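Novice: Next comes model_28.tsv, TSV, C-alpha atoms:
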```
chain	number	residue	atom	x	y	z
Y	1	MET	CA	116.41	309.97	17.27
Y	2	SER	CA	118.12	309.36	20.62
Y	3	ARG	CA	121.78	308.46	20.78
Y	4	PRO	CA	122.63	304.83	21.58
Y	5	ARG	CA	123.63	304.30	25.19
Y	6	LYS	CA	127.38	303.88	25.66
Y	7	PRO	CA	128.59	300.83	27.55
Y	8	ALA	CA	129.98	301.19	31.08
Y	9	ARG	CA	133.57	302.43	31.00
Y	10	ILE	CA	136.26	304.06	33.12
Y	11	VAL	CA	136.67	307.82	32.77
Y	12	ARG	CA	138.63	310.69	34.21
Y	13	ILE	CA	136.82	313.54	35.98
Y	14	PRO	CA	138.54	316.93	35.89
Y	15	GLY	CA	140.06	317.81	39.25
Y	16	LYS	CA	139.82	314.23	40.53
Y	17	GLU	CA	142.83	311.95	41.02
Y	18	ASN	CA	141.05	308.61	40.80
Y	19	TRP	CA	139.40	306.85	37.87
Y	20	TYR	CA	135.60	306.56	37.79
Y	21	VAL	CA	133.15	304.13	36.21
Y	22	ARG	CA	130.50	305.87	34.10
Y	23	ASP	CA	127.44	303.75	33.35
Y	24	GLY	CA	124.80	305.88	31.69
Y	25	ARG	CA	124.03	308.65	34.17
Y	26	GLU	CA	125.56	306.78	37.09
Y	27	VAL	CA	129.18	307.44	38.16
Y	28	TYR	CA	131.14	305.29	40.65
Y	29	SER	CA	134.60	305.88	42.05
Y	30	THR	CA	137.12	303.07	41.53
Y	31	ALA	CA	139.11	304.38	44.54
Y	32	THR	CA	142.33	304.09	42.53
Y	33	SER	CA	144.43	306.29	40.27
Y	34	ASP	CA	146.00	303.24	38.55
Y	35	GLU	CA	144.38	302.58	35.17
Y	36	GLY	CA	144.99	298.81	35.29
Y	37	ALA	CA	143.41	298.52	38.72
Y	38	ALA	CA	140.51	300.66	37.51
Y	39	GLN	CA	139.92	298.27	34.61
Y	40	CYS	CA	139.79	295.38	37.09
Y	41	PHE	CA	137.23	297.33	39.11
Y	42	LEU	CA	135.17	297.80	35.94
Y	43	SER	CA	135.29	294.05	35.21
Y	44	GLU	CA	134.09	293.24	38.72
Y	45	TYR	CA	131.39	295.87	38.45
Y	46	LEU	CA	130.09	294.43	35.18
Y	47	ALA	CA	130.21	290.87	36.54
Y	48	ALA	CA	128.13	291.90	39.55
Y	49	LYS	CA	125.74	293.93	37.41
Y	50	ASN	CA	125.17	291.12	34.90
Y	51	ALA	CA	124.98	288.34	37.48
Y	52	PRO	CA	121.67	286.48	37.26
Y	53	LYS	CA	119.34	287.10	40.18
Y	54	SER	CA	118.28	283.84	41.89
Y	55	PRO	CA	119.35	281.85	38.83
Y	56	THR	CA	117.87	278.49	37.95
Y	57	VAL	CA	120.08	275.60	36.89
Y	58	SER	CA	118.84	276.08	33.34
Y	59	ALA	CA	120.03	279.71	33.31
Y	60	LEU	CA	123.42	278.70	34.68
Y	61	LEU	CA	123.81	276.00	32.04
Y	62	ASP	CA	123.15	278.62	29.36
Y	63	LEU	CA	125.82	280.88	30.87
Y	64	ARG	CA	128.23	277.95	30.97
Y	65	LEU	CA	127.62	277.27	27.27
Y	66	ASP	CA	128.12	280.95	26.42
Y	67	ASP	CA	131.45	280.84	28.23
Y	68	LEU	CA	132.57	277.74	26.32
Y	69	LYS	CA	131.67	279.32	22.99
Y	70	ALA	CA	133.39	282.59	23.84
Y	71	SER	CA	136.52	280.70	24.85
Y	72	GLY	CA	136.50	278.67	21.64
Y	73	LYS	CA	136.57	275.38	23.55
Y	74	ALA	CA	136.42	272.24	21.38
Y	75	ARG	CA	133.69	270.70	23.55
Y	76	ALA	CA	131.27	273.61	22.98
Y	77	PRO	CA	129.40	272.02	20.02
Y	78	GLN	CA	128.65	268.78	21.90
Y	79	THR	CA	127.83	270.38	25.26
Y	80	PRO	CA	124.15	271.12	24.46
Y	81	THR	CA	123.62	267.36	24.21
Y	82	PHE	CA	124.53	267.03	27.90
Y	83	HIS	CA	122.52	270.11	28.84
Y	84	ASN	CA	119.29	268.87	27.25
Y	85	GLN	CA	118.84	266.04	29.75
Y	86	LEU	CA	120.09	268.11	32.70
Y	87	LYS	CA	117.53	270.83	31.97
Y	88	ILE	CA	114.66	268.35	31.99
Y	89	HIS	CA	115.50	267.15	35.51
Y	90	PHE	CA	117.32	270.07	37.16
Y	91	GLY	CA	116.49	273.04	34.91
Y	92	PRO	CA	113.55	274.75	36.65
Y	93	ILE	CA	115.01	274.68	40.17
Y	94	ARG	CA	117.62	276.86	41.84
Y	95	PRO	CA	120.95	275.30	42.86
Y	96	GLU	CA	120.26	275.48	46.60
Y	97	ARG	CA	117.27	273.16	46.07
Y	98	ILE	CA	119.44	270.34	44.74
Y	99	THR	CA	119.56	267.58	47.37
Y	100	PRO	CA	121.57	264.33	47.37
Y	101	GLN	CA	118.33	262.39	46.79
Y	102	PHE	CA	117.46	264.59	43.81
Y	103	VAL	CA	120.83	263.72	42.28
Y	104	LYS	CA	120.33	260.01	43.00
Y	105	ASP	CA	116.94	260.20	41.30
Y	106	TYR	CA	118.80	261.39	38.20
Y	107	TRP	CA	121.11	258.38	38.52
Y	108	GLN	CA	118.08	256.10	38.30
Y	109	LYS	CA	116.57	258.05	35.46
Y	110	ARG	CA	119.73	257.78	33.31
Y	111	LYS	CA	121.09	254.41	34.47
Y	112	SER	CA	120.53	252.88	31.02
Y	113	VAL	CA	123.19	255.23	29.58
Y	114	PRO	CA	125.93	255.18	32.26
Y	115	ALA	CA	128.61	256.88	30.16
Y	116	ALA	CA	126.29	259.77	29.28
Y	117	LEU	CA	125.14	260.02	32.91
Y	118	ILE	CA	128.71	260.54	34.10
Y	119	GLU	CA	129.45	263.18	31.46
Y	120	GLU	CA	126.22	265.04	32.26
Y	121	LEU	CA	126.90	265.14	35.99
Y	122	TYR	CA	130.46	266.34	35.44
Y	123	GLU	CA	129.05	269.12	33.29
Y	124	LEU	CA	126.54	270.04	36.02
Y	125	ARG	CA	129.26	270.06	38.69
Y	126	THR	CA	131.52	272.26	36.54
Y	127	THR	CA	128.66	274.67	35.84
Y	128	LEU	CA	127.83	275.07	39.53
Y	129	ARG	CA	131.47	275.64	40.46
Y	130	MET	CA	131.75	278.28	37.76
Y	131	ALA	CA	128.63	279.98	39.12
Y	132	LEU	CA	130.14	279.96	42.61
Y	133	ASN	CA	133.44	281.44	41.41
Y	134	CYS	CA	131.57	284.16	39.51
Y	135	GLY	CA	129.51	285.06	42.58
Y	136	TRP	CA	126.21	284.05	41.01
Y	137	ILE	CA	125.43	281.61	43.81
Y	138	ASP	CA	126.54	281.49	47.44
Y	139	LYS	CA	127.17	277.76	47.61
Y	140	ALA	CA	127.62	274.95	45.09
Y	141	PRO	CA	125.74	271.80	46.12
Y	142	HIS	CA	127.60	268.50	46.08
Y	143	ILE	CA	127.01	266.50	42.90
Y	144	ALA	CA	127.72	262.81	43.46
Y	145	ILE	CA	128.97	261.05	40.33
Y	146	PRO	CA	128.97	257.25	39.80
Y	147	ALA	CA	132.32	255.53	39.41
Y	148	LYS	CA	133.32	254.88	35.83
Y	149	ARG	CA	132.88	251.37	34.57
Y	150	PRO	CA	135.92	249.40	33.42
Y	151	PRO	CA	136.55	249.97	29.71
Y	152	ARG	CA	134.81	247.54	27.37
Y	153	GLU	CA	137.37	245.08	26.06
Y	154	ARG	CA	135.65	243.93	22.86
Y	155	PHE	CA	137.73	243.77	19.71
Y	156	LEU	CA	137.40	242.51	16.19
Y	157	THR	CA	139.69	239.74	15.04
Y	158	ARG	CA	141.34	240.17	11.67
Y	159	ASP	CA	138.92	237.63	10.19
Y	160	GLN	CA	135.95	239.58	11.56
Y	161	ALA	CA	137.40	242.81	10.17
Y	162	ARG	CA	137.75	241.26	6.72
Y	163	ALA	CA	134.18	239.97	6.91
Y	164	LEU	CA	132.97	243.45	7.85
Y	165	PHE	CA	134.86	245.04	4.96
Y	166	ASN	CA	133.50	242.50	2.48
Y	167	ALA	CA	129.95	243.10	3.73
Y	168	ALA	CA	130.31	246.86	3.24
Y	169	LYS	CA	128.79	247.72	-0.13
Y	170	PRO	CA	128.44	251.55	-0.10
Y	171	MET	CA	131.65	253.19	-1.31
Y	172	HIS	CA	131.66	255.76	1.50
Y	173	LEU	CA	131.63	252.97	4.10
Y	174	ARG	CA	134.38	251.00	2.33
Y	175	LEU	CA	136.55	254.12	2.28
Y	176	TYR	CA	135.88	254.70	5.96
Y	177	LEU	CA	136.77	251.12	6.89
Y	178	LEU	CA	139.87	251.19	4.70
Y	179	ILE	CA	141.25	254.18	6.60
Y	180	ALA	CA	140.05	253.05	10.03
Y	181	MET	CA	141.55	249.57	9.71
Y	182	THR	CA	144.91	250.77	8.40
Y	183	THR	CA	145.51	253.76	10.68
Y	184	GLY	CA	143.50	253.23	13.88
Y	185	ALA	CA	142.22	256.80	13.56
Y	186	ARG	CA	139.09	257.95	15.40
Y	187	LYS	CA	135.74	258.31	13.66
Y	188	GLY	CA	135.73	262.10	13.84
Y	189	ALA	CA	139.26	262.34	12.42
Y	190	ILE	CA	138.37	260.11	9.46
Y	191	LEU	CA	135.08	261.83	8.64
Y	192	GLY	CA	136.85	265.19	8.88
Y	193	LEU	CA	139.76	264.20	6.62
Y	194	THR	CA	139.99	266.30	3.46
Y	195	TRP	CA	141.80	265.55	0.24
Y	196	GLY	CA	144.06	268.53	0.88
Y	197	ARG	CA	145.56	266.58	3.78
Y	198	VAL	CA	146.10	263.38	1.80
Y	199	ASP	CA	149.62	263.13	0.38
Y	200	LEU	CA	149.32	260.56	-2.39
Y	201	THR	CA	152.95	261.06	-3.43
Y	202	HIS	CA	154.55	260.21	-0.11
Y	203	GLY	CA	151.76	258.03	1.32
Y	204	ARG	CA	150.73	260.22	4.26
Y	205	LEU	CA	147.40	261.10	5.86
Y	206	ASP	CA	147.27	264.23	8.00
Y	207	PHE	CA	144.48	264.00	10.57
Y	208	THR	CA	145.35	267.33	12.23
Y	209	ASP	CA	142.47	269.60	11.24
Y	210	PRO	CA	143.71	273.21	11.41
Y	211	ASP	CA	140.17	274.45	12.07
Y	212	LEU	CA	139.75	272.43	15.28
Y	213	ALA	CA	141.06	273.29	18.73
Y	214	ILE	CA	143.63	270.93	20.23
Y	215	THR	CA	142.10	268.46	22.70
Y	216	LYS	CA	143.19	265.39	24.65
Y	217	LYS	CA	142.09	263.27	21.69
Y	218	ARG	CA	145.30	263.56	19.76
Y	219	ARG	CA	145.61	263.58	15.97
Y	220	THR	CA	148.70	263.11	13.91
Y	221	VAL	CA	150.23	262.50	10.47
Y	222	VAL	CA	150.47	258.79	9.67
Y	223	PRO	CA	151.97	256.77	6.82
Y	224	VAL	CA	149.86	254.26	4.90
Y	225	SER	CA	150.81	251.44	2.56
Y	226	GLY	CA	150.99	251.61	-1.22
Y	227	ASP	CA	147.79	249.56	-1.51
Y	228	VAL	CA	145.91	252.12	0.55
Y	229	ILE	CA	147.27	254.99	-1.55
Y	230	ALA	CA	146.25	253.16	-4.73
Y	231	ALA	CA	142.69	252.76	-3.42
Y	232	LEU	CA	142.52	256.42	-2.37
Y	233	SER	CA	143.82	257.52	-5.78
Y	234	VAL	CA	140.90	255.76	-7.44
Y	235	ALA	CA	138.43	257.29	-4.95
Y	236	LEU	CA	139.79	260.77	-5.65
Y	237	GLU	CA	138.80	260.47	-9.31
Y	238	TYR	CA	135.14	260.25	-8.27
Y	239	ALA	CA	135.22	262.79	-5.43
Y	240	GLN	CA	132.46	265.40	-5.45
Y	241	THR	CA	133.54	267.29	-2.33
Y	242	GLY	CA	136.77	268.12	-0.56
Y	243	PHE	CA	136.15	265.35	1.98
Y	244	VAL	CA	137.55	261.86	1.55
Y	245	VAL	CA	134.45	260.16	3.01
Y	246	GLU	CA	131.33	261.60	1.41
Y	247	TYR	CA	127.82	260.49	0.51
Y	248	MET	CA	125.62	261.87	-2.25
Y	249	GLY	CA	127.92	264.83	-2.76
Y	250	LYS	CA	127.97	265.81	0.90
Y	251	PRO	CA	130.38	265.20	3.81
Y	252	LEU	CA	129.24	262.82	6.54
Y	253	THR	CA	128.88	263.55	10.24
Y	254	ASN	CA	128.09	259.94	11.20
Y	255	ILE	CA	128.72	256.50	9.77
Y	256	ARG	CA	126.70	254.47	12.30
Y	257	ARG	CA	123.78	253.45	10.11
Y	258	SER	CA	125.65	251.89	7.18
Y	259	PHE	CA	128.23	250.46	9.61
Y	260	SER	CA	125.50	248.66	11.58
Y	261	GLU	CA	124.00	247.19	8.41
Y	262	ALA	CA	127.39	245.81	7.34
Y	263	ALA	CA	128.10	244.50	10.86
Y	264	ASP	CA	124.79	242.59	10.86
Y	265	LYS	CA	125.63	241.00	7.50
Y	266	ALA	CA	129.11	240.07	8.74
Y	267	GLY	CA	127.67	238.28	11.79
Y	268	ILE	CA	129.06	240.78	14.32
Y	269	PRO	CA	125.99	242.90	15.20
Y	270	TRP	CA	127.64	244.12	18.42
Y	271	ALA	CA	130.43	245.90	16.51
Y	272	THR	CA	130.49	249.72	16.35
Y	273	PRO	CA	132.95	252.19	14.79
Y	274	HIS	CA	134.39	252.74	18.28
Y	275	TYR	CA	135.78	249.20	18.36
Y	276	LEU	CA	137.96	249.62	15.28
Y	277	LYS	CA	140.60	251.78	16.93
Y	278	HIS	CA	141.24	249.36	19.78
Y	279	SER	CA	141.07	246.44	17.35
Y	280	VAL	CA	143.93	247.94	15.33
Y	281	ILE	CA	145.94	248.38	18.52
Y	282	SER	CA	145.31	244.75	19.48
Y	283	TRP	CA	146.49	243.51	16.05
Y	284	LEU	CA	149.71	245.50	16.30
Y	285	ALA	CA	150.26	244.27	19.86
Y	286	GLU	CA	149.84	240.68	18.71
Y	287	ASP	CA	152.46	241.33	16.03
Y	288	GLY	CA	154.90	242.49	18.70
Y	289	TYR	CA	155.23	246.19	17.86
Y	290	SER	CA	156.33	248.44	20.72
Y	291	VAL	CA	153.95	250.54	22.80
Y	292	ASP	CA	155.58	253.74	21.55
Y	293	LYS	CA	155.20	252.81	17.90
Y	294	ILE	CA	151.57	251.84	18.32
Y	295	ALA	CA	150.80	254.98	20.32
Y	296	ASP	CA	152.43	257.22	17.73
Y	297	LEU	CA	150.74	255.58	14.75
Y	298	THR	CA	147.24	255.52	16.23
Y	299	ALA	CA	147.52	258.86	18.10
Y	300	THR	CA	146.58	257.09	21.33
Y	301	HIS	CA	147.80	257.72	24.86
Y	302	PRO	CA	150.48	255.17	25.79
Y	303	ASN	CA	148.52	254.17	28.91
Y	304	THR	CA	145.61	253.04	26.74
Y	305	VAL	CA	147.96	251.15	24.45
Y	306	ARG	CA	149.62	249.43	27.44
Y	307	ARG	CA	146.27	248.24	28.76
Y	308	ILE	CA	145.44	246.61	25.44
Y	309	TYR	CA	149.03	245.49	24.90
Y	310	ARG	CA	149.11	243.56	28.17
Y	311	LYS	CA	145.98	241.64	27.21
Y	312	PHE	CA	146.95	240.73	23.66
Y	313	SER	CA	150.72	240.49	23.86
Y	314	PRO	CA	151.86	239.36	27.32
Y	315	ASP	CA	154.84	237.61	25.68
Y	316	TYR	CA	157.00	240.67	26.27
Y	317	LEU	CA	157.03	239.73	29.98
Y	318	GLU	CA	158.25	236.16	29.46
Y	319	ASP	CA	161.89	236.95	30.34
Y	320	VAL	CA	160.73	238.57	33.59
Y	321	ALA	CA	158.63	235.52	34.42
Y	322	GLU	CA	161.58	233.22	33.78
Y	323	THR	CA	163.79	235.25	36.15
Y	324	LEU	CA	161.25	235.10	38.96
Y	325	GLY	CA	160.63	231.41	38.35
Y	326	LYS	CA	164.30	230.64	39.04
Y	327	THR	CA	164.26	232.41	42.41
Y	328	LEU	CA	162.94	229.44	44.37
Y	329	SER	CA	164.57	226.62	42.38
Y	330	LEU	CA	161.18	225.09	41.84
Y	331	ALA	CA	162.24	222.18	39.65
Y	332	ASN	CA	160.84	218.91	41.05
Y	333	GLN	CA	159.74	220.57	44.29
Y	334	PHE	CA	156.15	219.45	43.81
Y	335	ALA	CA	156.81	215.95	42.50
Y	336	LYS	CA	155.19	213.17	44.49
Y	337	PRO	CA	157.73	211.16	46.51
Y	338	ALA	CA	158.43	207.69	45.13
Y	339	LYS	CA	156.81	204.81	47.03
Y	340	GLN	CA	159.16	202.75	49.18
Y	341	ALA	CA	159.46	199.08	48.21
Y	342	GLY	CA	158.27	197.04	51.15
```
Translate the structure of the given file into structure tokens.
Specialist:
Amino acid sequence: MSRPRKPARIVRIPGKENWYVRDGREVYSTATSDEGAAQCFLSEYLAAKNAPKSPTVSALLDLRLDDLKASGKARAPQTPTFHNQLKIHFGPIRPERITPQFVKDYWQKRKSVPAALIEELYELRTTLRMALNCGWIDKAPHIAIPAKRPPRERFLTRDQARALFNAAKPMHLRLYLLIAMTTGARKGAILGLTWGRVDLTHGRLDFTDPDLAITKKRRTVVPVSGDVIAALSVALEYAQTGFVVEYMGKPLTNIRRSFSEAADKAGIPWATPHYLKHSVISWLAEDGYSVDKIADLTATHPNTVRRIYRKFSPDYLEDVAETLGKTLSLANQFAKPAKQAG
């Protein structure tokens, strides 16, 4: 039985000052006696050796995904969703064949899902730039990306939220809505919440999952009211898994189906789980809570909170408006002059 081939490595050769790369029977000088520099030479050698020859876009997307997984990036699990559509349109061709018109054709093909289109093209652009930096391609073609649409400003009123909650019959959905409407947490954070991170004694929910990488979508520890804790205490008695929101003895990865059914019954068929977070922010803004407090409670970037705050609670600018209104002494300036008696 033959011995397994050893991987390429740096070695010393008796009587030679420099380090060498040994790859099977082949030996290459690194032209340096410094071990660190020799290791760099080995890395460059392996990168060149393993570089795909005339790679297609599909091959580059696979390499991009491998890199994300190896780096432990949080977006790695969802990236194949973007790649699936890109491979259908761009996959079989080589990067140098991508023309501006070919990209615009993709715009037309995916125009019904504008948000997904933008994410997919960003992923393609990033992949091509990575390929260029790694020396796999000589030039990265320009990938034109449509401008992002203004954020959708649809929110549930408190009455609509109550109607939605009352229409929710499955216990897993009621638990989800209870947490979403009292914390403003994101869908993923709620579905990933475990009982081990629920402090029933002090009334705290810890949405920071230790098994997930830190991303821009912040998570935090939030307080909840006594009523919420009482409801969770009852739910814990019937728990079959370690997850707070569960269905048929299994954790959930999506709540969309039961949510849509309840939304239809409540007369708000347009509502989705996404709207709940911004709805909570709008309620708190209407009640006059500060941007910092709302941002901290809902784990939301202050800029997002300010955008919603300005729409639902412009009262905080009233003193500024009064100051500017006094600048021109406008009182009676636009009154019609009295008619002269004749």
Novice: Please provide as a list of chain:residue names all residues within 12 Å of Lys53 in chain Y, with the sequence filter that same-chain residues fewer than 5 positions apart are discarded (counting all atoms listed in the file).
Specialist: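 That gives Y:Ala48, Y:Ala59, Y:Leu60, Y:Arg94, Y:Ala131, Y:Gly135, Y:Trp136, Y:Ile137, Y:Asp138.
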Novice: So that I can see what lies close to range 160-163 of chain Y, please list as number ranges by chain the residues with an atom at most 8 Å from it, counting only C-alpha atoms and leaving out residues fewer than 3 positions away in the same chain.
Specialist: Y: 156-157, 166-167, 181, 266, 268
Novice: Now that the selection is made, can you save its residues with C-alpha atoms as a tab-separated table (two decimals), keeping the file's coordinate frame?
Specialist:
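Saved as again_29.tsv:
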```
chain	number	residue	atom	x	y	z
Y	156	LEU	CA	137.40	242.51	16.19
Y	157	THR	CA	139.69	239.74	15.04
Y	166	ASN	CA	133.50	242.50	2.48
Y	167	ALA	CA	129.95	243.10	3.73
Y	181	MET	CA	141.55	249.57	9.71
Y	266	ALA	CA	129.11	240.07	8.74
Y	268	ILE	CA	129.06	240.78	14.32
```
Novice: Considering all atoms listed in the file, can you say which of Y:Val21, Y:Ile229, Y:Ile88, Y:Ala262 comes closest to Leu177 in chain Y?
Specialist: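 With all atoms listed in the file as the atom set, the closest residue is Y:Ala262.
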Novice: What residues have an atom no more than 12 Å from (124.8, 270.1, 25.0) in the file's own frame, counting only C-alpha atoms, and can you write them as an NGL selection string?
Specialist: :Y and (58 or 61-62 or 64-66 or 68-69 or 75-87 or 116 or 119-120 or 123-124)
Novice: For Thr304 in chain Y, please output as a PDB file with C-alpha atoms, keeping the file's coordinate frame all residues within 12 Å (counting only C-alpha atoms; exclusion window: fewer than 3 positions along the same chain).
Specialist:
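Output below, filename result20.pdb:
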```pdb
ATOM      1  CA  PRO Y 151     136.550 249.970  29.710  1.00  0.00           C
ATOM      2  CA  GLU Y 153     137.370 245.080  26.060  1.00  0.00           C
ATOM      3  CA  LYS Y 217     142.090 263.270  21.690  1.00  0.00           C
ATOM      4  CA  LYS Y 277     140.600 251.780  16.930  1.00  0.00           C
ATOM      5  CA  HIS Y 278     141.240 249.360  19.780  1.00  0.00           C
ATOM      6  CA  ILE Y 281     145.940 248.380  18.520  1.00  0.00           C
ATOM      7  CA  SER Y 282     145.310 244.750  19.480  1.00  0.00           C
ATOM      8  CA  VAL Y 291     153.950 250.540  22.800  1.00  0.00           C
ATOM      9  CA  ASP Y 292     155.580 253.740  21.550  1.00  0.00           C
ATOM     10  CA  ILE Y 294     151.570 251.840  18.320  1.00  0.00           C
ATOM     11  CA  ALA Y 295     150.800 254.980  20.320  1.00  0.00           C
ATOM     12  CA  THR Y 298     147.240 255.520  16.230  1.00  0.00           C
ATOM     13  CA  ALA Y 299     147.520 258.860  18.100  1.00  0.00           C
ATOM     14  CA  THR Y 300     146.580 257.090  21.330  1.00  0.00           C
ATOM     15  CA  HIS Y 301     147.800 257.720  24.860  1.00  0.00           C
ATOM     16  CA  ARG Y 307     146.270 248.240  28.760  1.00  0.00           C
ATOM     17  CA  ILE Y 308     145.440 246.610  25.440  1.00  0.00           C
ATOM     18  CA  TYR Y 309     149.030 245.490  24.900  1.00  0.00           C
ATOM     19  CA  ARG Y 310     149.110 243.560  28.170  1.00  0.00           C
ATOM     20  CA  LYS Y 311     145.980 241.640  27.210  1.00  0.00           C
TER      21      LYS Y 311
END
```
Novice: Within 9 Å of (140.6, 267.8, 2.9) in the file's own coordinates, which protein, DNA or RNA residues have an atom, counting all atoms listed in the file? List them as number ranges by chain.
Specialist: Y: 192-198, 209, 241-244
Novice: Skip Trp283 in chain Y itself and residues of its chain fewer than 3 positions away, then list as number ranges by chain all residues within 9 Å of it, counting all atoms listed in the file.
Specialist: Y: 157-158, 278-280, 286-288, 312
Novice: Considering all atoms listed in the file, state which residue in the set Y:Ile145, Y:Ile98, Y:Leu236, Y:Cys134 is at the smallest distance from Lys111 in chain Y.
Specialist: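 Closest to Lys111 in chain Y of all the choices is Y:Ile145.
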Novice: So, counting all atoms listed in the file, which residue among Y:Tyr247, Y:Tyr20, Y:Phe259, Y:Phe102 is closest to Pro141 in chain Y?
Specialist: Y:Phe102
Novice: Would you compute the distance between CA of Gly72 in chain Y and CA of Leu46 in chain Y? Give it in Å to one decimal.
Specialist: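 Atom-to-atom, CA of Gly72 in chain Y and CA of Leu46 in chain Y are spaced 21.7 Å apart.
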Novice: Applying 9 Å and all atoms listed in the file, which residues near Ala144 in chain Y remain after dropping the ones on its own chain fewer than 2 positions away? List them as a list in words.
Specialist: Pro100, Val103, Lys104, Leu121, Arg125, His142 and Pro146 of chain Y
Novice: With distances taken over all atoms listed in the file, which of Y:Gln101, Y:Ser29, Y:Thr183, Y:Ser258 is nearest to Glu17 in chain Y?
Specialist: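 Of Y:Gln101, Y:Ser29, Y:Thr183, Y:Ser258, the one nearest Glu17 in chain Y, counting all atoms listed in the file, is Y:Ser29.
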Novice: Any idea what the distance is between CA of Arg110 in chain Y and CA of Ile255 in chain Y?
Specialist: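 Separation between CA of Arg110 in chain Y and CA of Ile255 in chain Y: 25.2 Å.
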Novice: Between CA of Ile179 in chain Y and CA of Ala230 in chain Y, what distance in Å does the model show, to one decimal?
Specialist: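 If I compute the distance from CA of Ile179 in chain Y to CA of Ala230 in chain Y, I get 12.4 Å.
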Novice: Once 3 Å is added on each side, what centre and edge lengths in Å to one decimal does the axis-aligned box around all listed atoms of range 103-121 of chain Y have, as lines of an AutoDock Vina configuration file?
Specialist:
```
center_x = 123.0
center_y = 259.0
center_z = 36.1
size_x = 18.9
size_y = 18.3
size_z = 19.7
```
Novice: Let me make sure I understand: among Y:Thr127, Y:Phe90, Y:Arg186, Y:Arg22, which one has the smallest atom-to-atom distance to Tyr275 in chain Y if we use all atoms listed in the file?
Specialist: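 Of Y:Thr127, Y:Phe90, Y:Arg186, Y:Arg22, the one nearest Tyr275 in chain Y is Y:Arg186, counting all atoms listed in the file.
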Novice: Between Y:Ile93, Y:Arg256, Y:Asp105, Y:Leu178, which residue has the minimum interatomic distance to Ser54 in chain Y, considering all atoms listed in the file?
Specialist: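 So, comparing all the options, the nearest one is Y:Ile93.
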